[in-house]
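Data block for input.txt (compact mmCIF, C-alpha atoms):
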```txt
# COMPACT_ATOMS: atom_id res chain seq x y z
CA MET A 1 73.22 121.93 120.59
CA ARG A 2 76.56 120.22 120.13
CA MET A 3 78.82 119.75 123.16
CA VAL A 4 82.56 120.19 122.69
CA MET A 5 84.37 117.96 125.16
CA GLU A 6 87.69 119.44 126.20
CA SER A 7 90.14 117.11 127.87
CA PRO A 8 91.28 118.28 131.31
CA CYS A 9 94.71 119.88 131.54
CA VAL A 10 97.64 119.49 133.90
CA ALA A 11 100.29 122.10 134.65
CA VAL A 12 103.98 121.26 134.32
CA THR A 13 107.02 123.49 134.83
CA VAL A 14 109.65 123.26 132.07
CA ASN A 15 112.89 125.16 132.73
CA GLY A 16 111.02 127.51 135.02
CA LYS A 17 108.08 128.14 132.65
CA VAL A 18 104.62 126.84 133.61
CA ILE A 19 102.89 125.10 130.69
CA GLU A 20 99.38 123.60 130.60
CA VAL A 21 99.07 120.37 128.62
CA PRO A 22 96.13 117.99 128.07
CA GLU A 23 96.04 115.02 130.41
CA GLY A 24 97.87 112.08 128.87
CA THR A 25 100.52 114.21 127.15
CA THR A 26 103.91 112.48 127.09
CA LEU A 27 107.25 114.16 127.70
CA ALA A 28 108.14 113.49 124.05
CA ASP A 29 104.98 115.35 122.90
CA LEU A 30 105.68 118.29 125.19
CA LEU A 31 109.39 118.65 124.38
CA GLY A 32 108.68 118.28 120.66
CA SER A 33 106.05 121.03 120.78
CA GLU A 34 108.48 123.25 122.71
CA GLY A 35 111.01 122.83 119.90
CA TYR A 36 113.60 120.62 121.55
CA ASP A 37 115.67 118.24 119.41
CA ARG A 38 115.47 114.93 121.29
CA SER A 39 118.86 113.77 120.03
CA ARG A 40 120.65 116.68 121.77
CA ILE A 41 119.03 116.95 125.19
CA ALA A 42 119.18 115.54 128.68
CA VAL A 43 115.96 115.57 130.73
CA GLU A 44 115.37 115.53 134.47
CA VAL A 45 111.95 115.18 136.09
CA ASP A 46 111.59 116.11 139.77
CA GLY A 47 115.30 115.53 140.28
CA ASP A 48 115.61 112.19 138.47
CA ILE A 49 117.11 111.75 135.01
CA CYS A 50 114.55 110.57 132.45
CA PRO A 51 116.34 108.57 129.72
CA ARG A 52 115.46 109.78 126.23
CA ALA A 53 114.36 106.26 125.32
CA ASP A 54 111.54 106.62 127.89
CA LEU A 55 110.27 110.07 126.84
CA GLY A 56 107.69 108.65 124.43
CA SER A 57 106.01 106.51 127.07
CA ARG A 58 106.41 108.84 130.05
CA VAL A 59 103.08 110.60 130.71
CA ILE A 60 103.30 113.99 132.42
CA ARG A 61 101.75 114.25 135.87
CA GLY A 62 100.44 117.57 137.12
CA GLY A 63 102.86 119.61 139.20
CA GLU A 64 106.02 117.99 137.91
CA THR A 65 109.15 120.04 137.35
CA VAL A 66 111.08 119.25 134.18
CA GLU A 67 114.61 120.47 133.50
CA VAL A 68 115.92 120.19 129.94
CA VAL A 69 119.50 120.86 128.87
CA SER A 70 120.21 121.25 125.14
CA PHE A 71 123.74 120.75 123.86
CA VAL A 72 125.38 122.57 120.96
CA GLY A 73 128.52 121.39 119.16
CA GLY A 74 132.10 122.15 120.15
CA GLY A 75 134.45 120.76 122.73
CA MET B 1 144.83 120.68 146.83
CA GLY B 2 143.15 117.69 145.29
CA ARG B 3 144.58 115.02 147.57
CA GLY B 4 142.51 111.85 147.45
CA VAL B 5 140.14 112.96 144.71
CA ARG B 6 139.95 111.53 141.21
CA ILE B 7 138.54 113.45 138.25
CA GLY B 8 137.44 111.96 134.93
CA ILE B 9 137.70 113.75 131.57
CA ALA B 10 135.68 112.48 128.62
CA GLY B 11 137.09 113.83 125.35
CA LEU B 12 140.57 115.32 125.02
CA GLY B 13 140.10 118.11 122.48
CA GLY B 14 140.18 121.85 123.12
CA MET B 15 138.17 121.55 126.31
CA GLY B 16 139.32 118.27 127.82
CA SER B 17 143.06 118.60 127.17
CA ASN B 18 143.13 122.13 128.61
CA VAL B 19 141.00 121.13 131.62
CA ALA B 20 143.46 118.31 132.34
CA VAL B 21 146.47 120.65 132.23
CA MET B 22 144.73 123.17 134.53
CA LEU B 23 143.79 120.43 137.01
CA VAL B 24 147.31 118.99 137.21
CA ARG B 25 148.86 122.46 137.53
CA SER B 26 146.41 123.07 140.40
CA GLY B 27 147.48 119.94 142.25
CA PHE B 28 144.74 117.55 141.13
CA ARG B 29 147.06 114.68 140.26
CA ASP B 30 144.69 111.74 139.85
CA LEU B 31 142.90 111.75 136.49
CA VAL B 32 141.05 109.25 134.28
CA VAL B 33 141.05 110.43 130.64
CA ALA B 34 139.32 108.97 127.58
CA ASP B 35 139.41 109.70 123.84
CA PHE B 36 139.63 107.59 120.66
CA ASP B 37 141.29 110.21 118.45
CA THR B 38 144.85 111.00 117.38
CA VAL B 39 146.58 114.39 117.37
CA ASP B 40 146.50 116.18 113.99
CA GLU B 41 147.76 119.55 112.80
CA SER B 42 144.45 121.36 113.28
CA ASN B 43 144.52 120.47 116.99
CA ILE B 44 147.70 122.46 117.70
CA ALA B 45 145.79 125.77 117.42
CA ARG B 46 143.81 125.33 120.63
CA GLN B 47 144.52 121.99 122.28
CA ALA B 48 147.26 121.20 124.80
CA TYR B 49 149.41 119.35 122.26
CA LEU B 50 152.64 120.25 120.49
CA PRO B 51 153.89 119.39 117.00
CA CYS B 52 155.99 116.58 118.52
CA HIS B 53 152.69 114.82 119.40
CA LEU B 54 151.35 114.66 115.81
CA GLY B 55 150.08 111.18 115.03
CA MET B 56 150.04 110.03 118.66
CA SER B 57 146.84 108.99 120.37
CA LYS B 58 145.44 111.94 122.32
CA THR B 59 145.48 109.83 125.47
CA ASP B 60 149.23 109.10 125.20
CA ALA B 61 150.05 112.63 124.08
CA LEU B 62 148.13 114.16 126.99
CA ALA B 63 149.68 111.75 129.51
CA SER B 64 153.09 112.89 128.23
CA VAL B 65 152.18 116.58 128.62
CA LEU B 66 150.80 116.02 132.13
CA HIS B 67 153.85 114.02 133.24
CA ASP B 68 156.12 116.80 131.95
CA ILE B 69 154.22 119.16 134.29
CA ASP B 70 154.05 116.73 137.20
CA PRO B 71 156.01 113.45 136.90
CA GLY B 72 154.10 112.05 139.87
CA ALA B 73 150.62 112.58 138.41
CA SER B 74 148.46 109.47 138.03
CA VAL B 75 146.86 109.47 134.55
CA GLU B 76 144.70 106.44 133.71
CA VAL B 77 144.16 106.45 129.93
CA HIS B 78 141.35 104.86 127.90
CA ASP B 79 142.02 105.01 124.16
CA THR B 80 138.44 104.23 123.22
CA ARG B 81 135.19 105.76 121.97
CA LEU B 82 132.86 106.38 124.90
CA ASP B 83 129.32 105.04 124.67
CA ALA B 84 126.38 104.19 126.90
CA SER B 85 127.78 100.73 127.63
CA ASN B 86 131.34 101.63 128.72
CA ALA B 87 131.27 105.13 130.21
CA ALA B 88 130.13 104.30 133.74
CA GLY B 89 132.76 101.57 134.06
CA ILE B 90 135.63 103.71 132.75
CA PHE B 91 134.88 106.53 135.20
CA SER B 92 133.70 104.31 138.07
CA ALA B 93 136.15 105.59 140.68
CA CYS B 94 135.80 109.28 139.79
CA ASP B 95 134.38 111.91 142.16
CA VAL B 96 133.35 114.07 139.21
CA VAL B 97 133.45 113.64 135.42
CA CYS B 98 134.00 116.42 132.87
CA GLU B 99 132.05 115.97 129.62
CA ALA B 100 134.27 117.48 126.93
CA LEU B 101 133.07 115.80 123.73
CA ASP B 102 132.43 117.87 120.61
CA ASP B 103 129.36 116.33 118.96
CA PRO B 104 126.05 117.42 120.58
CA GLU B 105 124.43 114.00 120.25
CA SER B 106 127.42 112.35 121.93
CA LYS B 107 127.30 114.98 124.68
CA ALA B 108 123.63 114.23 125.36
CA MET B 109 124.28 110.47 125.39
CA LEU B 110 127.20 110.74 127.79
CA VAL B 111 125.56 113.19 130.19
CA GLU B 112 122.39 111.10 130.34
CA THR B 113 124.41 107.90 130.90
CA LEU B 114 126.57 109.38 133.65
CA LEU B 115 123.71 111.11 135.50
CA GLU B 116 121.63 107.94 135.39
CA ALA B 117 124.58 106.03 136.88
CA GLY B 118 124.78 108.54 139.75
CA PHE B 119 127.82 110.59 138.74
CA THR B 120 128.36 114.29 139.31
CA VAL B 121 129.01 115.87 135.88
CA VAL B 122 130.50 119.12 134.59
CA ALA B 123 129.56 119.49 130.92
CA CYS B 124 130.24 122.17 128.32
CA SER B 125 127.95 123.67 125.71
CA GLY B 126 128.53 126.84 123.70
CA MET B 127 132.12 128.05 123.38
CA ALA B 128 132.62 128.28 119.59
CA GLY B 129 133.63 131.45 117.74
CA ASP B 130 135.48 134.50 119.07
CA GLY B 131 132.56 136.29 120.72
CA ASP B 132 132.14 137.75 124.20
CA ALA B 133 134.17 135.91 126.84
CA ASN B 134 131.86 137.32 129.53
CA SER B 135 128.91 135.36 128.14
CA ILE B 136 130.52 132.09 129.23
CA VAL B 137 129.20 131.03 132.62
CA THR B 138 128.99 128.05 134.96
CA ARG B 139 125.36 127.11 135.53
CA ARG B 140 123.82 124.45 137.74
CA ALA B 141 121.38 122.93 135.23
CA MET B 142 120.22 119.87 137.20
CA GLY B 143 120.76 118.32 140.61
CA ARG B 144 124.14 116.80 139.70
CA LEU B 145 124.85 118.61 136.42
CA TRP B 146 126.79 121.84 135.94
CA VAL B 147 127.12 123.24 132.41
CA CYS B 148 129.84 125.67 131.33
CA GLY B 149 129.56 127.81 128.20
CA ASP B 150 127.18 130.35 126.71
CA GLY B 151 124.69 127.61 125.77
CA VAL B 152 124.25 128.77 122.18
CA SER B 153 127.55 129.23 120.25
CA ASP B 154 127.52 126.09 118.12
CA VAL B 155 130.62 125.19 116.10
CA ALA B 156 128.26 124.27 113.24
CA SER B 157 127.13 127.91 112.93
CA GLU B 158 130.19 129.77 114.29
CA GLY B 159 132.48 127.77 112.02
CA ARG B 160 135.51 127.64 114.24
CA LEU B 161 136.82 127.40 117.76
CA ASN B 162 139.14 130.07 119.13
CA ALA B 163 141.95 129.19 121.55
CA ALA B 164 141.19 132.08 123.90
CA ARG B 165 137.45 131.45 124.16
CA VAL B 166 138.01 127.69 124.51
CA SER B 167 140.43 128.42 127.35
CA VAL B 168 137.85 130.60 129.13
CA CYS B 169 135.33 127.76 129.03
CA ALA B 170 137.96 125.17 130.02
CA GLY B 171 138.81 127.35 133.01
CA HIS B 172 135.18 127.36 134.07
CA MET B 173 135.05 123.58 133.79
CA ALA B 174 138.29 123.02 135.68
CA LEU B 175 137.25 125.29 138.57
CA ALA B 176 133.80 123.68 138.84
CA ALA B 177 135.37 120.21 138.79
CA MET B 178 137.90 121.15 141.48
CA HIS B 179 135.21 122.48 143.79
CA LEU B 180 132.81 119.57 143.22
CA ALA B 181 135.52 116.92 143.61
CA GLN B 182 136.21 118.34 147.05
CA GLY B 183 132.55 118.27 147.98
CA GLU B 184 132.02 122.02 147.58
CA GLU B 185 129.38 123.83 145.60
CA PRO B 186 131.06 125.67 142.69
CA ARG B 187 131.38 129.36 143.59
CA PHE B 188 130.04 132.13 141.37
CA CYS B 189 127.66 129.66 139.78
CA ILE B 190 124.31 130.57 138.19
CA GLN B 191 121.42 128.48 139.54
CA GLY B 192 118.77 127.17 137.16
CA ASP B 193 117.79 128.66 133.82
```

Before anything else, please render the file you have as structure tokens.
Amino acid sequence: MRMVMESPCVAVTVNGKVIEVPEGTTLADLLGSEGYDRSRIAVEVDGDICPRADLGSRVIRGGETVEVVSFVGGG
Amino acid sequence: MGRGVRIGIAGLGGMGSNVAVMLVRSGFRDLVVADFDTVDESNIARQAYLPCHLGMSKTDALASVLHDIDPGASVEVHDTRLDASNAAGIFSACDVVCEALDDPESKAMLVETLLEAGFTVVACSGMAGDGDANSIVTRRAMGRLWVCGDGVSDVASEGRLNAARVSVCAGHMALAAMHLAQGEEPRFCIQGD
């Protein structure tokens, strides 16, 4: 019998929606899979701004609350 | 109103120029304004400039408009392109900064830069076209970020900006900035998503 090892998941809240992601997922992975364009967003994690340059190295911790604002053109 | 508070405006197009006029008319007489552009004919349709301003820098043209309204207004002008290295310094003494740029990538850069530096920001996103004015709202999107607009009407898809709808959104921004600059939570504001 072959065992399938599933990596444990953590829950994160993104703009009010709870999402389960595998442990070790970065913010860049998550926001990419949710369809956000990284060049047009600002991201806050538990009340602190997370610079876009850090999204690729920032690993999600269970229970965090992420707020993402996407901008469209016009001003 | 507005005594002792200073408000920054980043970008002096349809949003920023109209926000500035509304603030000065409302007694907020201490502004820091920044833009790198000059006034051209297409701007007259929805921005706070007149044909006599054609060819002038938007900063000088706006200062002229504001001083016509209130000769005693203090308008610090920065005729420069805002970026991650200069924005926090330009707006350093401001109680609140209005993000009124047009390009979405520049908006994201500026909002991120200002929030990281500890500013309170009123941004705008989604006011293009001539659709429903009632879909434009003021929303608290983050701890120190309020966003005005419908969130979706992109000038790239709508094709144009309409003076009336731009004015609705500029009014939202000006009111939110007035309240925040005085240490008040903006009234009639949607919380969260």

Quick one: which chain A residues come within 10 Å of chain B, and what is the nearest atom pair for each with the distance in Å to one decimal, counting all atoms listed in the file, rows ordered by chain and ascending number, as CSV?
```
residue,atom,partner,partner_atom,distance
A:Val14,CA,B:Asp193,CA,9.9
A:Asn15,CA,B:Asp193,CA,6.1
A:Gly16,CA,B:Asp193,CA,7.0
A:Lys17,CA,B:Asp193,CA,9.8
A:Asp37,CA,B:Glu105,CA,9.8
A:Arg38,CA,B:Glu105,CA,9.1
A:Ser39,CA,B:Glu105,CA,5.6
A:Arg40,CA,B:Glu105,CA,4.9
A:Ile41,CA,B:Ala108,CA,5.3
A:Ala42,CA,B:Ala108,CA,5.7
A:Val43,CA,B:Glu112,CA,7.8
A:Glu44,CA,B:Met142,CA,7.1
A:Val45,CA,B:Met142,CA,9.6
A:Asp46,CA,B:Gly143,CA,9.5
A:Gly47,CA,B:Gly143,CA,6.1
A:Asp48,CA,B:Glu116,CA,8.0
A:Ile49,CA,B:Glu116,CA,5.9
A:Cys50,CA,B:Glu116,CA,8.1
A:Pro51,CA,B:Glu112,CA,6.6
A:Arg52,CA,B:Glu112,CA,8.2
A:Val66,CA,B:Met142,CA,9.6
A:Glu67,CA,B:Met142,CA,6.7
A:Val68,CA,B:Ala141,CA,8.1
A:Val69,CA,B:Ala141,CA,6.9
A:Ser70,CA,B:Gly151,CA,7.8
A:Phe71,CA,B:Pro104,CA,5.2
A:Val72,CA,B:Asp154,CA,5.0
A:Gly73,CA,B:Pro104,CA,4.9
A:Gly74,CA,B:Asp102,CA,4.3
A:Gly75,CA,B:Asp102,CA,4.1
```

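Picture a line from CA of Tyr49 in chain B to CA of Gly171 in chain B; it runs 17.1 Å.
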
Tell me, in Å to one decimal, how far CA of Glu34 in chain A is from CA of Leu82 in chain B. 29.7 Å

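Considering the residues B:Asp132, B:Asp70, B:Glu185, B:Asp83 and counting only C-alpha atoms, Leu23 in chain B has its shortest atom-to-atom contact with B:Asp70.
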
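Taking CA of Arg187 in chain B and CA of Leu175 in chain B as endpoints, the distance between them is 8.7 Å.
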
What lies within 9 Å of Ala133 in chain B using only C-alpha atoms, ignoring chain neighbours under 2 positions off, as a list in words? Met127, Asp130, Gly131, Ser135, Ile136, Asp150, Ala164, Arg165, Val168 and Cys169 of chain B

Written selection (C-alpha atoms) as a PDB file, keeping the file's coordinate frame:
```
ATOM      1  CA  MET B 127     132.120 128.050 123.380  1.00  0.00           C
ATOM      2  CA  ASP B 130     135.480 134.500 119.070  1.00  0.00           C
ATOM      3  CA  GLY B 131     132.560 136.290 120.720  1.00  0.00           C
ATOM      4  CA  SER B 135     128.910 135.360 128.140  1.00  0.00           C
ATOM      5  CA  ILE B 136     130.520 132.090 129.230  1.00  0.00           C
ATOM      6  CA  ASP B 150     127.180 130.350 126.710  1.00  0.00           C
ATOM      7  CA  ALA B 164     141.190 132.080 123.900  1.00  0.00           C
ATOM      8  CA  ARG B 165     137.450 131.450 124.160  1.00  0.00           C
ATOM      9  CA  VAL B 168     137.850 130.600 129.130  1.00  0.00           C
ATOM     10  CA  CYS B 169     135.330 127.760 129.030  1.00  0.00           C
TER      11      CYS B 169
END
```

Give me the residues near Ser33 in chain A as a PyMOL selection string, where near means some atom within 12 Å (using all atoms listed in the file) and where sequence neighbours in that chain fewer than 6 positions away do not count. chain A and resi 19+21+25-27

Val12 in chain A: which residues within 8 Å, counting all atoms listed in the file, same-chain residues fewer than 5 positions away excluded, as a list in words?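 These residues fall inside the cut-off: Val18, Ile19, Glu20, Val21, Ile60, Arg61, Gly62, Gly63, Glu64, Thr65 and Val66 of chain A.
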
May I have the residues within 6 Å of Glu23 in chain A as a ChimeraX atom specification, using all atoms listed in the file and disregarding those fewer than 3 positions away in the same chain? /A:8-10

With only C-alpha atoms as the counted atoms, please give the residues lying no more than 12 Å from Gly89 in chain B, apart from itself and same-chain residues fewer than 2 positions off, as an MDAnalysis selection string. chainID B and resid 8 32 34 78 82:87 91:94 113:114 117 119

Pick the closest to Gly72 in chain B from B:Ala163, B:Ala176, B:Val24, B:Val122: which is it, counting all atoms listed in the file?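 So, comparing all the options, the nearest one is B:Val24.
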
Quick one: residues within 12 Å of (145.1, 110.0, 125.5) (file frame), counting all atoms listed in the file, please, as a compact mmCIF listing (two decimals) with C-alpha atoms, in the coordinates of the input.
```txt
# COMPACT_ATOMS: atom_id res chain seq x y z
CA ILE B 9 137.70 113.75 131.57
CA ALA B 10 135.68 112.48 128.62
CA GLY B 11 137.09 113.83 125.35
CA LEU B 12 140.57 115.32 125.02
CA GLY B 13 140.10 118.11 122.48
CA GLY B 16 139.32 118.27 127.82
CA SER B 17 143.06 118.60 127.17
CA ALA B 20 143.46 118.31 132.34
CA LEU B 31 142.90 111.75 136.49
CA VAL B 32 141.05 109.25 134.28
CA VAL B 33 141.05 110.43 130.64
CA ALA B 34 139.32 108.97 127.58
CA ASP B 35 139.41 109.70 123.84
CA PHE B 36 139.63 107.59 120.66
CA ASP B 37 141.29 110.21 118.45
CA THR B 38 144.85 111.00 117.38
CA VAL B 39 146.58 114.39 117.37
CA ALA B 48 147.26 121.20 124.80
CA TYR B 49 149.41 119.35 122.26
CA HIS B 53 152.69 114.82 119.40
CA GLY B 55 150.08 111.18 115.03
CA MET B 56 150.04 110.03 118.66
CA SER B 57 146.84 108.99 120.37
CA LYS B 58 145.44 111.94 122.32
CA THR B 59 145.48 109.83 125.47
CA ASP B 60 149.23 109.10 125.20
CA ALA B 61 150.05 112.63 124.08
CA LEU B 62 148.13 114.16 126.99
CA ALA B 63 149.68 111.75 129.51
CA SER B 64 153.09 112.89 128.23
CA VAL B 65 152.18 116.58 128.62
CA LEU B 66 150.80 116.02 132.13
CA VAL B 75 146.86 109.47 134.55
CA GLU B 76 144.70 106.44 133.71
CA VAL B 77 144.16 106.45 129.93
CA HIS B 78 141.35 104.86 127.90
CA ASP B 79 142.02 105.01 124.16
CA THR B 80 138.44 104.23 123.22
CA ARG B 81 135.19 105.76 121.97
```

Considering all atoms listed in the file, can you say which of B:Met22, B:Ala181, B:Cys189, B:Val96 comes closest to Arg3 in chain B?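 Counting all atoms listed in the file, the residue closest to Arg3 in chain B is B:Ala181.
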